[in-house]
$ cat data.cif   # mmCIF, C-alpha atoms
data_coords
loop_
_atom_site.label_atom_id
_atom_site.label_comp_id
_atom_site.auth_asym_id
_atom_site.auth_seq_id
_atom_site.Cartn_x
_atom_site.Cartn_y
_atom_site.Cartn_z
CA LYS A 1 0.00 0.00 0.00
CA ASN A 2 1.35 3.44 -0.90
CA GLU A 3 2.05 5.80 1.96
CA VAL A 4 0.14 8.52 0.08
CA GLU A 5 -3.12 7.76 -1.70
CA GLN A 6 -5.05 10.17 -3.89
CA SER A 7 -8.57 10.01 -5.24
CA PRO A 8 -9.91 10.17 -7.80
CA GLN A 9 -7.18 9.23 -10.30
CA ASN A 10 -9.03 10.97 -13.11
CA LEU A 11 -11.65 13.70 -12.92
CA THR A 12 -13.58 15.42 -15.70
CA ALA A 13 -15.64 18.49 -14.91
CA GLN A 14 -17.59 21.19 -16.70
CA GLU A 15 -16.42 24.77 -16.48
CA GLY A 16 -17.76 26.41 -13.34
CA GLU A 17 -18.09 23.24 -11.27
CA PHE A 18 -16.72 22.87 -7.74
CA ILE A 19 -13.95 20.26 -7.65
CA THR A 20 -12.53 18.25 -4.76
CA ILE A 21 -9.40 16.09 -4.83
CA ASN A 22 -8.60 13.97 -1.80
CA CYS A 23 -5.33 12.79 -0.29
CA SER A 24 -4.89 10.26 2.52
CA TYR A 25 -1.59 9.28 4.11
CA SER A 26 -0.62 6.54 6.50
CA VAL A 27 2.50 7.96 8.14
CA GLY A 28 3.40 10.77 10.49
CA ILE A 29 4.15 13.93 8.56
CA SER A 30 5.60 17.36 9.23
CA ALA A 31 4.00 18.98 6.18
CA LEU A 32 1.79 18.23 3.19
CA HIS A 33 2.19 19.83 -0.22
CA TRP A 34 -0.24 20.23 -3.09
CA LEU A 35 1.49 20.50 -6.46
CA GLN A 36 0.23 21.22 -9.96
CA GLN A 37 1.84 19.78 -13.07
CA HIS A 38 0.94 20.95 -16.55
CA PRO A 39 1.70 19.04 -19.78
CA GLY A 40 5.37 19.54 -20.52
CA GLY A 41 6.35 18.67 -16.98
CA GLY A 42 6.77 21.86 -14.99
CA ILE A 43 5.61 21.55 -11.38
CA VAL A 44 4.22 24.45 -9.39
CA SER A 45 3.81 24.32 -5.64
CA LEU A 46 0.27 25.39 -4.75
CA PHE A 47 0.19 24.94 -0.98
CA MET A 48 2.27 23.73 1.91
CA LEU A 49 0.18 22.78 4.97
CA SER A 50 0.88 21.50 8.44
CA SER A 51 -2.55 22.27 9.91
CA GLY A 52 -5.88 23.92 9.16
CA LYS A 53 -6.78 25.54 5.89
CA LYS A 54 -5.21 27.79 3.27
CA LYS A 55 -6.81 29.73 0.42
CA HIS A 56 -5.29 31.25 -2.68
CA GLY A 57 -7.68 32.67 -5.23
CA ARG A 58 -10.08 29.92 -6.27
CA LEU A 59 -8.02 27.21 -4.60
CA ILE A 60 -8.56 26.00 -1.04
CA ALA A 61 -6.54 23.33 0.75
CA THR A 62 -7.45 21.73 4.06
CA ILE A 63 -5.77 19.18 6.26
CA ASN A 64 -7.02 17.07 9.15
CA ILE A 65 -3.97 15.78 11.01
CA GLN A 66 -5.95 13.40 13.26
CA GLU A 67 -7.63 11.73 10.29
CA LYS A 68 -4.48 11.89 8.11
CA HIS A 69 -6.45 13.44 5.29
CA SER A 70 -6.22 16.51 3.08
CA SER A 71 -8.44 17.96 0.38
CA LEU A 72 -7.81 20.38 -2.46
CA HIS A 73 -10.85 22.31 -3.63
CA ILE A 74 -11.19 24.36 -6.80
CA THR A 75 -14.14 26.72 -6.94
CA ALA A 76 -15.58 27.94 -10.26
CA SER A 77 -13.30 25.63 -12.26
CA HIS A 78 -11.89 26.81 -15.57
CA PRO A 79 -10.32 24.95 -18.51
CA ARG A 80 -6.94 26.44 -17.55
CA ASP A 81 -7.17 24.42 -14.31
CA SER A 82 -6.72 21.26 -16.39
CA ALA A 83 -3.54 19.65 -15.08
CA VAL A 84 -2.27 16.85 -12.85
CA TYR A 85 -2.60 17.63 -9.14
CA ILE A 86 -0.17 15.84 -6.86
CA CYS A 87 -0.25 15.44 -3.11
CA ALA A 88 3.16 15.05 -1.44
CA VAL A 89 4.18 14.70 2.19
CA ARG A 90 7.32 15.40 4.17
CA LEU A 91 7.69 12.55 6.65
CA ARG A 92 8.09 13.54 10.28
CA GLU A 93 10.87 11.01 10.78
CA THR A 94 13.15 12.50 8.13
CA SER A 95 15.04 15.74 8.18
CA GLY A 96 15.36 17.88 5.13
CA SER A 97 13.12 18.40 2.13
CA ARG A 98 12.51 14.82 0.98
CA LEU A 99 8.96 14.38 -0.36
CA THR A 100 6.87 11.25 -0.82
CA PHE A 101 4.27 11.58 -3.55
CA GLY A 102 0.80 10.36 -4.37
CA GLU A 103 0.08 9.10 -7.86
CA GLY A 104 -1.61 12.30 -8.94
CA THR A 105 -5.09 13.24 -10.12
CA GLN A 106 -5.56 14.12 -13.78
CA LEU A 107 -8.13 16.92 -13.94
CA THR A 108 -9.80 17.92 -17.19
CA VAL A 109 -12.16 20.90 -17.20
CA ASN A 110 -14.27 21.21 -20.32
CA PRO A 111 -15.63 24.56 -21.54
CA LYS B 1 14.37 36.52 -8.57
CA ALA B 2 15.21 33.95 -11.21
CA GLY B 3 13.61 30.55 -10.80
CA VAL B 4 15.22 27.14 -10.70
CA THR B 5 16.96 26.32 -13.94
CA GLN B 6 17.90 22.91 -15.29
CA THR B 7 20.15 22.05 -18.19
CA PRO B 8 19.88 20.48 -20.61
CA ARG B 9 16.09 20.38 -21.09
CA TYR B 10 16.16 17.37 -23.39
CA LEU B 11 18.73 14.65 -23.82
CA ILE B 12 18.99 11.44 -25.84
CA LYS B 13 21.57 8.87 -24.80
CA THR B 14 22.40 5.29 -25.66
CA ARG B 15 22.38 2.37 -23.24
CA GLY B 16 25.67 2.06 -21.41
CA GLN B 17 26.56 5.73 -21.67
CA GLN B 18 26.64 8.13 -18.75
CA VAL B 19 24.91 11.46 -18.34
CA THR B 20 25.27 14.55 -16.16
CA LEU B 21 22.36 16.86 -15.44
CA SER B 22 22.68 20.31 -13.89
CA CYS B 23 20.43 22.30 -11.59
CA SER B 24 20.85 25.93 -10.50
CA PRO B 25 18.69 26.77 -7.48
CA ILE B 26 17.02 30.04 -6.62
CA SER B 27 19.54 32.48 -5.21
CA GLY B 28 19.87 32.01 -1.46
CA HIS B 29 18.45 28.49 -1.45
CA ARG B 30 20.89 25.99 0.01
CA SER B 31 18.86 22.79 -0.42
CA VAL B 32 18.55 21.01 -3.76
CA SER B 33 16.51 17.84 -4.15
CA TRP B 34 16.37 15.59 -7.20
CA TYR B 35 13.37 13.54 -8.32
CA GLN B 36 12.70 11.04 -11.08
CA GLN B 37 9.29 10.88 -12.75
CA THR B 38 8.24 7.95 -14.91
CA PRO B 39 4.78 6.88 -16.12
CA GLY B 40 5.04 3.61 -14.22
CA GLN B 41 6.52 4.72 -10.89
CA GLY B 42 5.39 8.33 -10.70
CA LEU B 43 7.55 10.80 -8.82
CA GLN B 44 10.33 9.33 -6.71
CA PHE B 45 12.93 11.00 -4.54
CA LEU B 46 16.55 10.51 -5.61
CA PHE B 47 18.61 12.57 -3.16
CA GLU B 48 18.91 15.92 -1.43
CA TYR B 49 21.94 18.12 -0.96
CA PHE B 50 22.29 20.85 1.62
CA SER B 51 25.42 22.99 1.93
CA GLU B 52 27.41 20.58 -0.26
CA THR B 53 26.46 17.53 1.85
CA GLN B 54 24.04 14.77 0.92
CA ARG B 55 21.30 15.01 3.52
CA ASN B 56 18.90 12.33 2.24
CA LYS B 57 19.08 9.51 -0.27
CA GLY B 58 16.27 7.60 -1.95
CA ASN B 59 16.16 3.97 -2.93
CA PHE B 60 18.09 4.08 -6.19
CA PRO B 61 21.12 2.05 -7.29
CA GLY B 62 24.63 3.41 -6.94
CA ARG B 63 24.66 4.32 -10.65
CA PHE B 64 22.79 7.45 -9.58
CA SER B 65 24.99 9.98 -7.84
CA GLY B 66 25.06 13.68 -7.23
CA ARG B 67 26.99 16.55 -5.78
CA GLN B 68 26.55 20.14 -4.80
CA PHE B 69 28.98 22.98 -5.27
CA SER B 70 29.77 25.87 -2.96
CA ASN B 71 27.42 28.15 -4.97
CA SER B 72 24.59 25.61 -4.30
CA ARG B 73 24.42 24.48 -7.93
CA SER B 74 23.95 20.74 -8.11
CA GLU B 75 24.66 18.02 -10.61
CA MET B 76 23.39 14.49 -10.83
CA ASN B 77 25.12 11.74 -12.76
CA VAL B 78 23.77 8.47 -14.04
CA SER B 79 26.35 5.94 -15.19
CA THR B 80 25.82 2.87 -17.37
CA LEU B 81 22.43 4.05 -18.58
CA GLU B 82 19.58 1.56 -18.89
CA LEU B 83 16.37 1.86 -20.90
CA GLY B 84 14.45 2.17 -17.64
CA ASP B 85 16.32 5.36 -16.78
CA SER B 86 14.28 7.20 -19.41
CA ALA B 87 12.37 9.73 -17.36
CA LEU B 88 11.77 13.34 -16.49
CA TYR B 89 14.36 14.42 -13.92
CA LEU B 90 13.27 17.31 -11.75
CA CYS B 91 15.20 19.30 -9.24
CA ALA B 92 13.71 21.50 -6.56
CA SER B 93 15.33 24.09 -4.34
CA SER B 94 14.29 25.35 -0.94
CA MET B 95 15.49 27.32 2.03
CA SER B 96 16.17 24.66 4.64
CA SER B 97 13.07 22.40 4.73
CA TYR B 98 10.49 24.89 3.60
CA GLU B 99 8.40 25.11 0.45
CA GLN B 100 10.08 23.65 -2.61
CA TYR B 101 10.42 25.36 -5.97
CA PHE B 102 10.71 23.04 -8.93
CA GLY B 103 12.72 23.48 -12.10
CA PRO B 104 11.31 22.70 -15.56
CA GLY B 105 12.97 19.29 -15.65
CA THR B 106 15.32 17.44 -17.97
CA ARG B 107 13.68 14.83 -20.18
CA LEU B 108 16.13 11.97 -20.68
CA THR B 109 15.52 9.34 -23.34
CA VAL B 110 17.72 6.26 -23.36
CA THR B 111 17.74 4.25 -26.60
#
$ encode --input "data.cif" --output "C-alpha cells"
Amino acid sequence: KNEVEQSPQNLTAQEGEFITINCSYSVGISALHWLQQHPGGGIVSLFMLSSGKKKHGRLIATINIQEKHSSLHITASHPRDSAVYICAVRLRETSGSRLTFGEGTQLTVNP
Amino acid sequence: KAGVTQTPRYLIKTRGQQVTLSCSPISGHRSVSWYQQTPGQGLQFLFEYFSETQRNKGNFPGRFSGRQFSNSRSEMNVSTLELGDSALYLCASSMSSYEQYFGPGTRLTVT
C-alpha cells in the first residue's frame, strides 16, 4: 500500500463546477504539499500545509492531522485548471526536504 | 528573482553511456533535491543536498549519484544508462526544509 493515496485518479468536470481532490496518508508527517503539473512537466507548488486551511484565489486546501487526510478544492473551475494535481508529504521522521508523492489526479475541465 | 533552472532540457543517450544533469537553485536556497518521474513509478525522490552535503538519499542504485557545489548548484550523474532510466528528472530548491520550488525538468531518453 502506498504511503500517500489520492482520489480520484481521473476527474472530468464542466467549467464552473466545484472540484474536490482527496489525499490520505498513513504515516506521520511534518507537512503536506499540493502540487500542480501541466503538460510539458513543470511543477508548481500550490500549498504547503501543516494544519488547518489555506486559500489562494479559487483554490482552497485543508488538512485534518488526526484523520491523516487533506483535500484540495477548486471553486468555479476553468479549462486552464486542467492539469495533474499531486499530493506530497514530508515525513516527520526524516530531516530535510525529501517528499513522498501520491500518484496524482488528472483533472480535465471542459468549456 | 530567477527561478530554478535545469540544463539540458532534453537529452537522448544510448544504453551504457553516462549522463550529467545540472540544476541551478534560486539564489539564497541551500537545499537542492532531485526527483525522477516515470509513467510507471510516478515521482520518486533521488537525493537531497544541503550545503554541499548529501542530507537524504532515496532507494536508487549506486549508478545514480550527485553533488553540490559551494554556490549551491547541483549536478546528478547516471552511469551505465539503462532503458528504464528514461524519465523526467526534476530538481527542486528550498530554504532549509520549507516550500520547494521546482525546475522545468530534464527529459532523458535512453535508446
$ closest_atom_pairs --input "data.cif" --of "chain A" --to "chain B" --cutoff "6 Å" --atoms "all atoms listed in the file" --output "JSON lines"
{"residue": "A:Gly42", "atom": "CA", "partner": "B:Pro104", "partner_atom": "CA", "distance": 4.7}
{"residue": "A:Ile43", "atom": "CA", "partner": "B:Phe102", "partner_atom": "CA", "distance": 5.9}
{"residue": "A:Gly96", "atom": "CA", "partner": "B:Ser97", "partner_atom": "CA", "distance": 5.1}
{"residue": "A:Ser97", "atom": "CA", "partner": "B:Ser97", "partner_atom": "CA", "distance": 4.8}
$ closest_residue --input "data.cif" --among "A:Thr20, A:Thr100, A:Gln36, A:Ser82" --to "Thr62 of chain A" --atoms "all atoms listed in the file"
A:Thr20
$ atom_distance --input "data.cif" --atom1 "atom CA of Ser24 of chain B" --atom2 "atom CA of Ser72 of chain B"
7.2 Å
$ atom_distance --input "data.cif" --atom1 "atom CA of Ile60 of chain A" --atom2 "atom CA of Gln6 of chain A"
16.5 Å
$ resolve_selection --input "data.cif" --expression "the PyMOL selection byres ((chain A and resi 21-23) around 12)" --output "PyMOL selection string"
chain A and resi 2-12+18-20+24-26+32-35+59-65+67-75+84-89+101-107
$ atom_distance --input "data.cif" --atom1 "atom CA of Ala31 of chain A" --atom2 "atom CA of Leu99 of chain A"
9.4 Å
$ residues_near_point --input "data.cif" --point "(19.5, 20.7, -23.7)" --cutoff "12 Å" --atoms "only C-alpha atoms" --output "list in words"
Thr5, Gln6, Thr7, Pro8, Arg9, Tyr10, Leu11, Ile12, Val19, Thr20, Leu21, Ser22, Pro104, Gly105, Thr106, Arg107 and Leu108 of chain B
$ resolve_selection --input "data.cif" --expression "the PyMOL selection byres ((chain B and resi 85) around 8)" --output "ChimeraX atom specification"
/B:81-84,86-87,108-110
$ resolve_selection --input "data.cif" --expression "the PyMOL selection byres ((chain B and resi 78) around 7)" --output "MDAnalysis selection string"
chainID B and resid 18:20 63:65 76:77 79:81
$ residues_around --input "data.cif" --residues "Thr111 of chain B" --least-positions-apart "3" --cutoff "7 Å" --atoms "all atoms listed in the file" --output "ChimeraX atom specification"
/B:13-15,83
$ decode --input "data.cif" --residues "segment 7-44 of chain B" --atoms "N, CA, C and O atoms" --output "compact mmCIF listing (two decimals), in the first residue's frame"
# COMPACT_ATOMS: atom_id res chain seq x y z
N THR B 7 19.59 22.25 -16.85
CA THR B 7 20.15 22.05 -18.19
C THR B 7 20.74 20.66 -18.30
O THR B 7 21.24 20.11 -17.29
N PRO B 8 20.67 20.02 -19.48
CA PRO B 8 19.88 20.48 -20.61
C PRO B 8 18.39 20.19 -20.38
O PRO B 8 18.03 19.55 -19.40
N ARG B 9 17.53 20.66 -21.24
CA ARG B 9 16.09 20.38 -21.09
C ARG B 9 15.73 19.02 -21.69
O ARG B 9 14.84 18.35 -21.20
N TYR B 10 16.41 18.65 -22.73
CA TYR B 10 16.16 17.37 -23.39
C TYR B 10 17.50 16.71 -23.71
O TYR B 10 18.48 17.38 -24.03
N LEU B 11 17.49 15.38 -23.64
CA LEU B 11 18.73 14.65 -23.82
C LEU B 11 18.40 13.26 -24.33
O LEU B 11 17.49 12.60 -23.82
N ILE B 12 19.13 12.81 -25.34
CA ILE B 12 18.99 11.44 -25.84
C ILE B 12 20.33 10.77 -25.69
O ILE B 12 21.34 11.28 -26.18
N LYS B 13 20.34 9.62 -25.02
CA LYS B 13 21.57 8.87 -24.80
C LYS B 13 21.34 7.42 -25.18
O LYS B 13 20.20 6.96 -25.29
N THR B 14 22.43 6.71 -25.32
CA THR B 14 22.40 5.29 -25.66
C THR B 14 22.70 4.47 -24.41
O THR B 14 23.46 4.91 -23.53
N ARG B 15 22.11 3.30 -24.35
CA ARG B 15 22.38 2.37 -23.24
C ARG B 15 23.87 2.22 -23.01
O ARG B 15 24.64 2.09 -23.96
N GLY B 16 24.27 2.23 -21.77
CA GLY B 16 25.67 2.06 -21.41
C GLY B 16 26.42 3.37 -21.24
O GLY B 16 27.49 3.39 -20.61
N GLN B 17 25.90 4.44 -21.83
CA GLN B 17 26.56 5.73 -21.67
C GLN B 17 26.28 6.30 -20.29
O GLN B 17 25.52 5.74 -19.50
N GLN B 18 26.93 7.42 -19.99
CA GLN B 18 26.64 8.13 -18.75
C GLN B 18 26.13 9.52 -19.08
O GLN B 18 26.31 10.02 -20.20
N VAL B 19 25.48 10.14 -18.10
CA VAL B 19 24.91 11.46 -18.34
C VAL B 19 25.03 12.31 -17.07
O VAL B 19 25.01 11.79 -15.96
N THR B 20 25.21 13.60 -17.27
CA THR B 20 25.27 14.55 -16.16
C THR B 20 24.23 15.64 -16.39
O THR B 20 24.18 16.23 -17.47
N LEU B 21 23.39 15.83 -15.38
CA LEU B 21 22.36 16.86 -15.44
C LEU B 21 22.69 17.95 -14.42
O LEU B 21 23.23 17.65 -13.36
N SER B 22 22.32 19.19 -14.75
CA SER B 22 22.68 20.31 -13.89
C SER B 22 21.43 21.04 -13.39
O SER B 22 20.42 21.13 -14.10
N CYS B 23 21.53 21.56 -12.19
CA CYS B 23 20.43 22.30 -11.59
C CYS B 23 20.99 23.53 -10.87
O CYS B 23 21.88 23.39 -10.01
N SER B 24 20.47 24.70 -11.20
CA SER B 24 20.85 25.93 -10.50
C SER B 24 19.67 26.39 -9.67
O SER B 24 18.61 26.70 -10.22
N PRO B 25 19.82 26.42 -8.34
CA PRO B 25 18.69 26.77 -7.48
C PRO B 25 18.43 28.27 -7.47
O PRO B 25 19.21 29.06 -8.00
N ILE B 26 17.32 28.64 -6.84
CA ILE B 26 17.02 30.04 -6.62
C ILE B 26 18.10 30.62 -5.71
O ILE B 26 18.56 29.96 -4.76
N SER B 27 18.50 31.84 -5.99
CA SER B 27 19.54 32.48 -5.21
C SER B 27 19.18 32.50 -3.72
O SER B 27 18.06 32.88 -3.35
N GLY B 28 20.11 32.04 -2.90
CA GLY B 28 19.87 32.01 -1.46
C GLY B 28 19.37 30.67 -0.96
O GLY B 28 19.38 30.42 0.25
N HIS B 29 18.90 29.82 -1.85
CA HIS B 29 18.45 28.49 -1.45
C HIS B 29 19.65 27.56 -1.34
O HIS B 29 20.45 27.44 -2.27
N ARG B 30 19.73 26.85 -0.21
CA ARG B 30 20.89 25.99 0.01
C ARG B 30 20.55 24.50 -0.17
O ARG B 30 21.43 23.66 -0.18
N SER B 31 19.27 24.19 -0.27
CA SER B 31 18.86 22.79 -0.42
C SER B 31 18.43 22.53 -1.86
O SER B 31 17.66 23.31 -2.44
N VAL B 32 18.96 21.46 -2.43
CA VAL B 32 18.55 21.01 -3.76
C VAL B 32 18.18 19.54 -3.67
O VAL B 32 18.97 18.72 -3.19
N SER B 33 16.97 19.23 -4.12
CA SER B 33 16.51 17.84 -4.15
C SER B 33 16.31 17.42 -5.60
O SER B 33 15.94 18.24 -6.45
N TRP B 34 16.54 16.15 -5.86
CA TRP B 34 16.37 15.59 -7.20
C TRP B 34 15.28 14.52 -7.16
O TRP B 34 15.22 13.71 -6.22
N TYR B 35 14.46 14.51 -8.22
CA TYR B 35 13.37 13.54 -8.32
C TYR B 35 13.35 12.95 -9.73
O TYR B 35 13.70 13.62 -10.70
N GLN B 36 12.89 11.71 -9.80
CA GLN B 36 12.70 11.04 -11.08
C GLN B 36 11.20 10.82 -11.27
O GLN B 36 10.52 10.38 -10.35
N GLN B 37 10.70 11.13 -12.46
CA GLN B 37 9.29 10.88 -12.75
C GLN B 37 9.17 10.00 -13.98
O GLN B 37 9.65 10.36 -15.06
N THR B 38 8.51 8.86 -13.81
CA THR B 38 8.24 7.95 -14.91
C THR B 38 6.76 7.62 -14.92
O THR B 38 6.09 7.70 -13.88
N PRO B 39 6.22 7.23 -16.07
CA PRO B 39 4.78 6.88 -16.12
C PRO B 39 4.43 5.72 -15.19
O PRO B 39 3.37 5.70 -14.60
N GLY B 40 5.35 4.79 -15.03
CA GLY B 40 5.04 3.61 -14.22
C GLY B 40 5.19 3.82 -12.72
O GLY B 40 4.39 3.33 -11.93
N GLN B 41 6.21 4.56 -12.31
CA GLN B 41 6.52 4.72 -10.89
C GLN B 41 6.13 6.08 -10.33
O GLN B 41 6.23 6.31 -9.12
N GLY B 42 5.73 6.99 -11.18
CA GLY B 42 5.39 8.33 -10.70
C GLY B 42 6.63 9.09 -10.27
O GLY B 42 7.73 8.86 -10.76
N LEU B 43 6.45 9.99 -9.32
CA LEU B 43 7.55 10.80 -8.82
C LEU B 43 8.24 10.08 -7.67
O LEU B 43 7.59 9.65 -6.72
N GLN B 44 9.57 9.98 -7.76
CA GLN B 44 10.33 9.33 -6.71
C GLN B 44 11.53 10.19 -6.34
O GLN B 44 12.18 10.77 -7.22
